[in-house]
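K.L.:
See input_22.csv below, with CSV, C-alpha atoms.
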chain,number,residue,atom,x,y,z
A,1,MET,CA,80.4,98.2,128.1
A,2,GLN,CA,81.3,96.8,131.6
A,3,PRO,CA,84.7,95.2,132.0
A,4,PHE,CA,84.7,91.4,131.7
A,5,ILE,CA,87.0,88.6,132.9
A,6,PRO,CA,86.4,85.6,130.6
A,7,PRO,CA,85.4,82.3,132.3
A,8,GLU,CA,87.8,79.4,132.4
A,9,LEU,CA,86.2,76.7,130.2
A,10,THR,CA,86.3,73.2,131.6
A,11,PRO,CA,84.5,70.1,130.2
A,12,ASP,CA,81.8,70.6,132.8
A,13,THR,CA,81.3,74.4,132.3
A,14,GLU,CA,81.8,74.7,128.5
A,15,PRO,CA,78.2,73.8,127.5
A,16,PHE,CA,76.9,76.5,129.9
A,17,TRP,CA,79.1,79.2,128.5
A,18,ARG,CA,78.7,78.2,124.9
A,19,GLY,CA,74.9,78.2,125.4
A,20,CYS,CA,75.1,81.8,126.9
A,21,ALA,CA,77.1,82.9,123.8
A,22,GLN,CA,74.1,81.6,121.7
A,23,GLY,CA,71.5,83.3,123.9
A,24,ARG,CA,70.4,80.0,125.6
A,25,LEU,CA,70.5,79.2,129.3
A,26,LEU,CA,71.7,75.6,129.5
A,27,ILE,CA,71.7,73.9,132.9
A,28,THR,CA,73.1,70.4,133.5
A,29,ARG,CA,70.4,67.8,134.3
A,30,CYS,CA,70.6,64.2,135.3
A,31,THR,CA,69.0,62.0,132.7
A,32,VAL,CA,68.3,59.3,135.2
A,33,CYS,CA,66.5,61.1,138.1
A,34,GLY,CA,65.8,64.5,136.4
A,35,LEU,CA,67.7,66.7,139.0
A,36,TYR,CA,69.1,70.0,137.7
A,37,LEU,CA,72.7,70.6,138.7
A,38,HIS,CA,74.2,74.1,138.9
A,39,PRO,CA,77.0,74.8,138.9
A,40,PRO,CA,77.6,72.1,136.3
A,41,ARG,CA,79.2,68.9,137.6
A,42,PRO,CA,80.0,65.5,136.0
A,43,ALA,CA,77.8,63.4,138.3
A,44,CYS,CA,74.3,63.8,139.9
A,45,ARG,CA,74.5,64.6,143.6
A,46,ARG,CA,71.2,62.8,144.3
A,47,CYS,CA,71.5,59.4,142.4
A,48,ARG,CA,75.2,59.5,141.6
A,49,SER,CA,74.6,58.9,137.9
A,50,MET,CA,77.3,60.1,135.5
A,51,ASP,CA,74.6,60.4,132.9
A,52,VAL,CA,74.1,64.2,132.9
A,53,ALA,CA,73.7,66.6,130.0
A,54,PRO,CA,72.9,70.3,129.5
A,55,VAL,CA,69.3,71.2,128.7
A,56,GLU,CA,67.7,74.5,127.9
A,57,VAL,CA,65.6,76.1,130.7
A,58,SER,CA,63.1,78.9,130.6
A,59,GLY,CA,65.3,81.5,132.1
A,60,ARG,CA,62.6,82.6,134.5
A,61,GLY,CA,62.8,82.7,138.2
A,62,ALA,CA,62.7,84.9,141.3
A,63,VAL,CA,65.3,86.8,143.4
A,64,HIS,CA,66.2,84.6,146.3
A,65,THR,CA,68.6,87.1,147.9
A,66,TYR,CA,70.6,90.1,146.8
A,67,THR,CA,73.0,92.8,147.8
A,68,LEU,CA,73.8,96.2,146.4
A,69,ALA,CA,77.5,96.7,145.6
A,70,HIS,CA,79.0,100.1,145.7
A,71,HIS,CA,82.6,99.1,145.0
A,72,ALA,CA,84.0,98.5,141.5
A,73,PHE,CA,86.0,95.3,141.8
A,74,ILE,CA,87.2,95.6,138.2
A,75,PRO,CA,88.4,99.1,137.1
A,76,GLY,CA,85.8,100.7,135.0
A,77,MET,CA,82.8,99.0,136.5
A,78,GLU,CA,79.7,101.2,136.9
A,79,VAL,CA,78.4,101.3,140.5
A,80,PRO,CA,76.1,100.7,142.2
A,81,TYR,CA,75.1,97.3,140.8
A,82,VAL,CA,73.0,94.4,142.1
A,83,ILE,CA,74.5,91.0,142.9
A,84,ALA,CA,71.8,88.4,143.3
A,85,ILE,CA,71.0,84.8,143.7
A,86,VAL,CA,68.1,83.8,141.5
A,87,GLU,CA,66.1,80.7,142.0
A,88,LEU,CA,65.1,79.3,138.6
A,89,ASP,CA,61.5,78.2,138.1
A,90,GLU,CA,62.4,74.7,136.9
A,91,GLN,CA,63.3,73.3,140.4
A,92,PRO,CA,63.1,74.5,144.0
A,93,GLY,CA,66.7,75.2,145.2
A,94,LEU,CA,68.1,75.6,141.6
A,95,ARG,CA,69.9,78.8,142.1
A,96,MET,CA,72.6,80.8,140.3
A,97,MET,CA,74.6,83.9,141.1
A,98,THR,CA,74.1,86.8,138.7
A,99,ASN,CA,73.3,90.5,138.4
A,100,ILE,CA,69.9,92.2,138.2
A,101,VAL,CA,69.9,94.7,135.4
A,102,ASP,CA,67.7,97.0,133.4
A,103,CYS,CA,66.0,98.5,136.5
A,104,ASP,CA,66.6,100.9,139.3
A,105,PRO,CA,68.4,99.0,142.1
A,106,ASP,CA,65.8,100.2,144.6
A,107,VAL,CA,63.2,98.1,142.7
A,108,VAL,CA,64.9,94.9,143.5
A,109,LYS,CA,63.4,92.8,146.3
A,110,ILE,CA,63.3,89.2,147.5
A,111,GLY,CA,60.7,87.4,145.4
A,112,LEU,CA,60.9,89.8,142.4
A,113,LYS,CA,60.1,87.8,139.3
A,114,VAL,CA,62.9,87.9,136.8
A,115,GLU,CA,63.9,86.7,133.3
A,116,VAL,CA,67.3,86.0,131.8
A,117,VAL,CA,68.9,88.5,129.4
A,118,PHE,CA,72.3,87.9,127.8
A,119,HIS,CA,74.9,90.6,127.7
A,120,ASP,CA,77.5,90.3,124.9
A,121,THR,CA,81.0,90.9,126.3
A,122,GLY,CA,82.4,91.7,122.8
A,123,GLN,CA,84.9,88.8,123.4
A,124,GLY,CA,82.8,86.0,122.0
A,125,ASN,CA,81.1,85.4,125.4
A,126,ALA,CA,77.9,86.5,126.9
A,127,LEU,CA,76.9,86.8,130.6
A,128,PRO,CA,73.5,85.6,131.8
A,129,ARG,CA,72.0,88.4,133.8
A,130,PHE,CA,68.4,88.9,134.9
A,131,ARG,CA,65.9,91.7,134.6
A,132,PRO,CA,62.4,92.1,136.1
A,133,VAL,CA,59.8,90.2,134.0
A,134,THR,CA,58.2,92.6,131.6
A,135,SER,CA,55.3,90.5,130.4
Output the structure of this file as structure tokens.
P.N.:
Amino acid sequence: MQPFIPPELTPDTEPFWRGCAQGRLLITRCTVCGLYLHPPRPACRRCRSMDVAPVEVSGRGAVHTYTLAHHAFIPGMEVPYVIAIVELDEQPGLRMMTNIVDCDPDVVKIGLKVEVVFHDTGQGNALPRFRPVTS
């Protein structure tokens, strides 16, 4: 198992991390104008409404950009690993930083279709990572 530094839970981020622990990708969405907001925030950046709530998304998207890391930033990390920004299918520009897993790093390319997979940390948390779409 890869080393893990647990996230700091705040009122804005707690639903996201609790959803991950349950195997659900929850993204904050404005209930007034429908804009998805990630990272989570207490107000909509488009209409300024404070009426935002986490909703489950499909967990599918495409690699927007990526890099291959060859340095273990936490002792015990396996290298190399792929750090990526994935654009989720629900909305253009809805992006999240993550890792691409379950494939050879040489397979990763911009535009690669991916799906979320949750990696249990063994500490009551799970990390949303993405793998190439298998079906």
K.L.:
Between A:Pro7, A:Pro92, A:Gly23, A:Gly124, which one has atoms that come closest to Ala62 of chain A, using all atoms listed in the file?
P.N.:
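Looking only at the distances to Ala62 of chain A, the closest residue turns out to be A:Pro92.
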K.L.:
Hey, what's within 12 Å of Val52 of chain A if we count all atoms listed in the file and toss same-chain stuff fewer than 3 positions away? As a list in words, please?
P.N.:
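The residues that qualify are Asp12, Pro15, Ile27, Thr28, Arg29, Cys30, Thr31, Val32, Cys33, Gly34, Leu35, Tyr36, Leu37, His38, Pro40, Arg41, Pro42, Ala43, Cys44, Arg45, Arg46, Cys47, Arg48, Ser49 and Val55 of chain A.
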K.L.:
Identify the residues around (84.0, 77.6, 124.7) within a radius of 9 Å, measuring from only C-alpha atoms in the coordinates stated by the file, and give them as an MDAnalysis selection string.
P.N.:
chainID A and resid 8:10 13:18 21 124:125
K.L.:
Counting all atoms listed in the file, figure out which residue out of A:Arg95, A:Arg129, A:Arg60, A:His70 gets nearest to Val117 of chain A.
P.N.:
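Among the listed residues, the smallest separation from Val117 of chain A belongs to A:Arg129.
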K.L.:
Considering all atoms listed in the file, state which residue in the set A:Val108, A:Ile85, A:Val101, A:Leu127 is at the smallest distance from Thr65 of chain A.
P.N.:
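For Thr65 of chain A, the nearest of the given residues is A:Ile85.
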K.L.:
In Å, with one decimal, what is the gap from atom CA of Ile110 of chain A to atom CA of Ser135 of chain A?
P.N.:
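About the pair atom CA of Ile110 of chain A and atom CA of Ser135 of chain A: they are 18.9 Å apart.
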K.L.:
From the list A:Ile100, A:Val63, A:Ile74, A:Met50, which residue is nearest Ile5 of chain A when using only C-alpha atoms?
P.N.:
A:Ile74
K.L.:
Return the single residue from A:Val133, A:Cys20, A:Ala84, A:Leu25 that is closest to Asp120 of chain A, with distances computed using all atoms listed in the file.
P.N.:
A:Cys20
K.L.:
Suppose you want the space between atom CA of Arg24 of chain A and atom CA of Gln123 of chain A; what is it in Å?
P.N.:
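Distance between the two atoms: 17.1 Å.
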K.L.:
Counting all atoms listed in the file, select every polymer residue within 6 Å of (63.9, 90.3, 135.9) as defined in the file's coordinates, and provide the selection as a list of chain:residue names.
P.N.:
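Every polymer residue passing the test: A:Lys113, A:Val114, A:Glu115, A:Phe130, A:Arg131, A:Pro132, A:Val133.
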K.L.:
Go through A:Cys103, A:Leu112, A:Met97, A:Val82 and flag the residue nearest Gly61 of chain A, using all atoms listed in the file for the distances.
P.N.:
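Ranked by minimum distance to Gly61 of chain A, first place goes to A:Leu112.
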K.L.:
Segment 73-120 of chain A from the block above, N, CA and C atoms, as a short mmCIF file (atom, residue, chain, number, x, y, z; two decimals), in the first residue's frame, please?
P.N.:
data_model
loop_
_atom_site.label_atom_id
_atom_site.label_comp_id
_atom_site.auth_asym_id
_atom_site.auth_seq_id
_atom_site.Cartn_x
_atom_site.Cartn_y
_atom_site.Cartn_z
N PHE A 73 7.89 11.56 -3.11
CA PHE A 73 7.76 12.70 -2.20
C PHE A 73 7.42 12.29 -0.78
N ILE A 74 6.95 11.07 -0.62
CA ILE A 74 6.70 10.49 0.70
C ILE A 74 7.51 9.20 0.74
N PRO A 75 8.30 8.96 1.79
CA PRO A 75 9.08 7.73 1.84
C PRO A 75 8.21 6.49 1.62
N GLY A 76 8.68 5.61 0.77
CA GLY A 76 7.95 4.38 0.50
C GLY A 76 7.08 4.42 -0.74
N MET A 77 6.94 5.58 -1.37
CA MET A 77 6.13 5.65 -2.59
C MET A 77 6.80 4.88 -3.70
N GLU A 78 5.98 4.21 -4.51
CA GLU A 78 6.50 3.50 -5.68
C GLU A 78 6.62 4.49 -6.83
N VAL A 79 7.73 4.45 -7.52
CA VAL A 79 7.93 5.33 -8.67
C VAL A 79 8.22 4.48 -9.90
N PRO A 80 7.94 4.96 -11.09
CA PRO A 80 7.30 6.23 -11.39
C PRO A 80 5.79 6.15 -11.20
N TYR A 81 5.15 7.30 -11.14
CA TYR A 81 3.69 7.37 -11.05
C TYR A 81 3.21 8.57 -11.85
N VAL A 82 1.95 8.50 -12.26
CA VAL A 82 1.38 9.54 -13.11
C VAL A 82 0.54 10.48 -12.27
N ILE A 83 0.87 11.77 -12.33
CA ILE A 83 0.06 12.83 -11.74
C ILE A 83 -0.70 13.46 -12.91
N ALA A 84 -2.01 13.59 -12.77
CA ALA A 84 -2.80 14.08 -13.89
C ALA A 84 -3.88 15.04 -13.43
N ILE A 85 -4.34 15.83 -14.37
CA ILE A 85 -5.56 16.60 -14.20
C ILE A 85 -6.56 15.98 -15.15
N VAL A 86 -7.67 15.53 -14.57
CA VAL A 86 -8.74 14.88 -15.34
C VAL A 86 -9.90 15.85 -15.44
N GLU A 87 -10.42 16.00 -16.65
CA GLU A 87 -11.62 16.81 -16.85
C GLU A 87 -12.81 15.86 -16.84
N LEU A 88 -13.72 16.08 -15.88
CA LEU A 88 -14.88 15.21 -15.73
C LEU A 88 -15.91 15.48 -16.83
N ASP A 89 -16.65 14.44 -17.22
CA ASP A 89 -17.62 14.53 -18.31
C ASP A 89 -18.78 15.48 -18.00
N GLU A 90 -19.07 15.72 -16.75
CA GLU A 90 -20.27 16.48 -16.39
C GLU A 90 -20.25 17.94 -16.86
N GLN A 91 -19.06 18.50 -17.03
CA GLN A 91 -19.01 19.93 -17.36
C GLN A 91 -17.65 20.29 -17.94
N PRO A 92 -17.62 21.01 -19.06
CA PRO A 92 -16.32 21.49 -19.55
C PRO A 92 -15.63 22.34 -18.48
N GLY A 93 -14.35 22.09 -18.29
CA GLY A 93 -13.58 22.85 -17.30
C GLY A 93 -13.66 22.30 -15.89
N LEU A 94 -14.47 21.27 -15.66
CA LEU A 94 -14.57 20.66 -14.32
C LEU A 94 -13.42 19.66 -14.20
N ARG A 95 -12.38 20.08 -13.50
CA ARG A 95 -11.15 19.29 -13.45
C ARG A 95 -10.73 18.98 -12.03
N MET A 96 -10.02 17.87 -11.89
CA MET A 96 -9.47 17.52 -10.58
C MET A 96 -8.10 16.88 -10.76
N MET A 97 -7.22 17.17 -9.80
CA MET A 97 -5.90 16.57 -9.79
C MET A 97 -6.00 15.18 -9.17
N THR A 98 -5.26 14.24 -9.74
CA THR A 98 -5.38 12.86 -9.33
C THR A 98 -4.16 12.08 -9.81
N ASN A 99 -4.24 10.78 -9.71
CA ASN A 99 -3.24 9.88 -10.28
C ASN A 99 -3.93 8.97 -11.28
N ILE A 100 -3.20 8.58 -12.31
CA ILE A 100 -3.68 7.57 -13.25
C ILE A 100 -3.03 6.26 -12.83
N VAL A 101 -3.85 5.25 -12.63
CA VAL A 101 -3.38 3.96 -12.10
C VAL A 101 -3.86 2.81 -12.98
N ASP A 102 -3.41 1.63 -12.63
CA ASP A 102 -3.84 0.38 -13.27
C ASP A 102 -3.50 0.33 -14.76
N CYS A 103 -2.40 0.99 -15.13
CA CYS A 103 -1.92 0.90 -16.51
C CYS A 103 -0.45 1.28 -16.54
N ASP A 104 0.20 0.90 -17.62
CA ASP A 104 1.59 1.30 -17.83
C ASP A 104 1.61 2.82 -18.03
N PRO A 105 2.49 3.54 -17.36
CA PRO A 105 2.54 5.00 -17.55
C PRO A 105 2.71 5.43 -19.00
N ASP A 106 3.33 4.59 -19.84
CA ASP A 106 3.51 4.93 -21.24
C ASP A 106 2.20 4.96 -22.02
N VAL A 107 1.14 4.37 -21.47
CA VAL A 107 -0.17 4.35 -22.13
C VAL A 107 -0.89 5.69 -21.97
N VAL A 108 -0.55 6.43 -20.93
CA VAL A 108 -1.26 7.67 -20.62
C VAL A 108 -0.94 8.73 -21.67
N LYS A 109 -2.00 9.41 -22.13
CA LYS A 109 -1.86 10.50 -23.09
C LYS A 109 -3.00 11.48 -22.88
N ILE A 110 -2.83 12.69 -23.34
CA ILE A 110 -3.89 13.68 -23.26
C ILE A 110 -5.07 13.17 -24.07
N GLY A 111 -6.25 13.27 -23.47
CA GLY A 111 -7.47 12.80 -24.11
C GLY A 111 -7.86 11.38 -23.76
N LEU A 112 -6.98 10.64 -23.06
CA LEU A 112 -7.29 9.26 -22.67
C LEU A 112 -8.56 9.25 -21.83
N LYS A 113 -9.53 8.41 -22.21
CA LYS A 113 -10.77 8.28 -21.44
C LYS A 113 -10.49 7.48 -20.18
N VAL A 114 -10.95 8.01 -19.04
CA VAL A 114 -10.67 7.39 -17.75
C VAL A 114 -11.94 7.32 -16.89
N GLU A 115 -11.86 6.47 -15.86
CA GLU A 115 -12.95 6.32 -14.90
C GLU A 115 -12.37 6.26 -13.50
N VAL A 116 -13.15 6.71 -12.54
CA VAL A 116 -12.68 6.76 -11.16
C VAL A 116 -12.62 5.36 -10.55
N VAL A 117 -11.64 5.18 -9.71
CA VAL A 117 -11.51 3.99 -8.89
C VAL A 117 -11.02 4.49 -7.54
N PHE A 118 -11.55 3.93 -6.47
CA PHE A 118 -11.21 4.41 -5.13
C PHE A 118 -10.22 3.46 -4.46
N HIS A 119 -9.13 4.03 -3.98
CA HIS A 119 -8.10 3.24 -3.31
C HIS A 119 -8.22 3.46 -1.80
N ASP A 120 -8.55 2.40 -1.10
CA ASP A 120 -8.68 2.44 0.36
C ASP A 120 -7.29 2.66 0.96
#
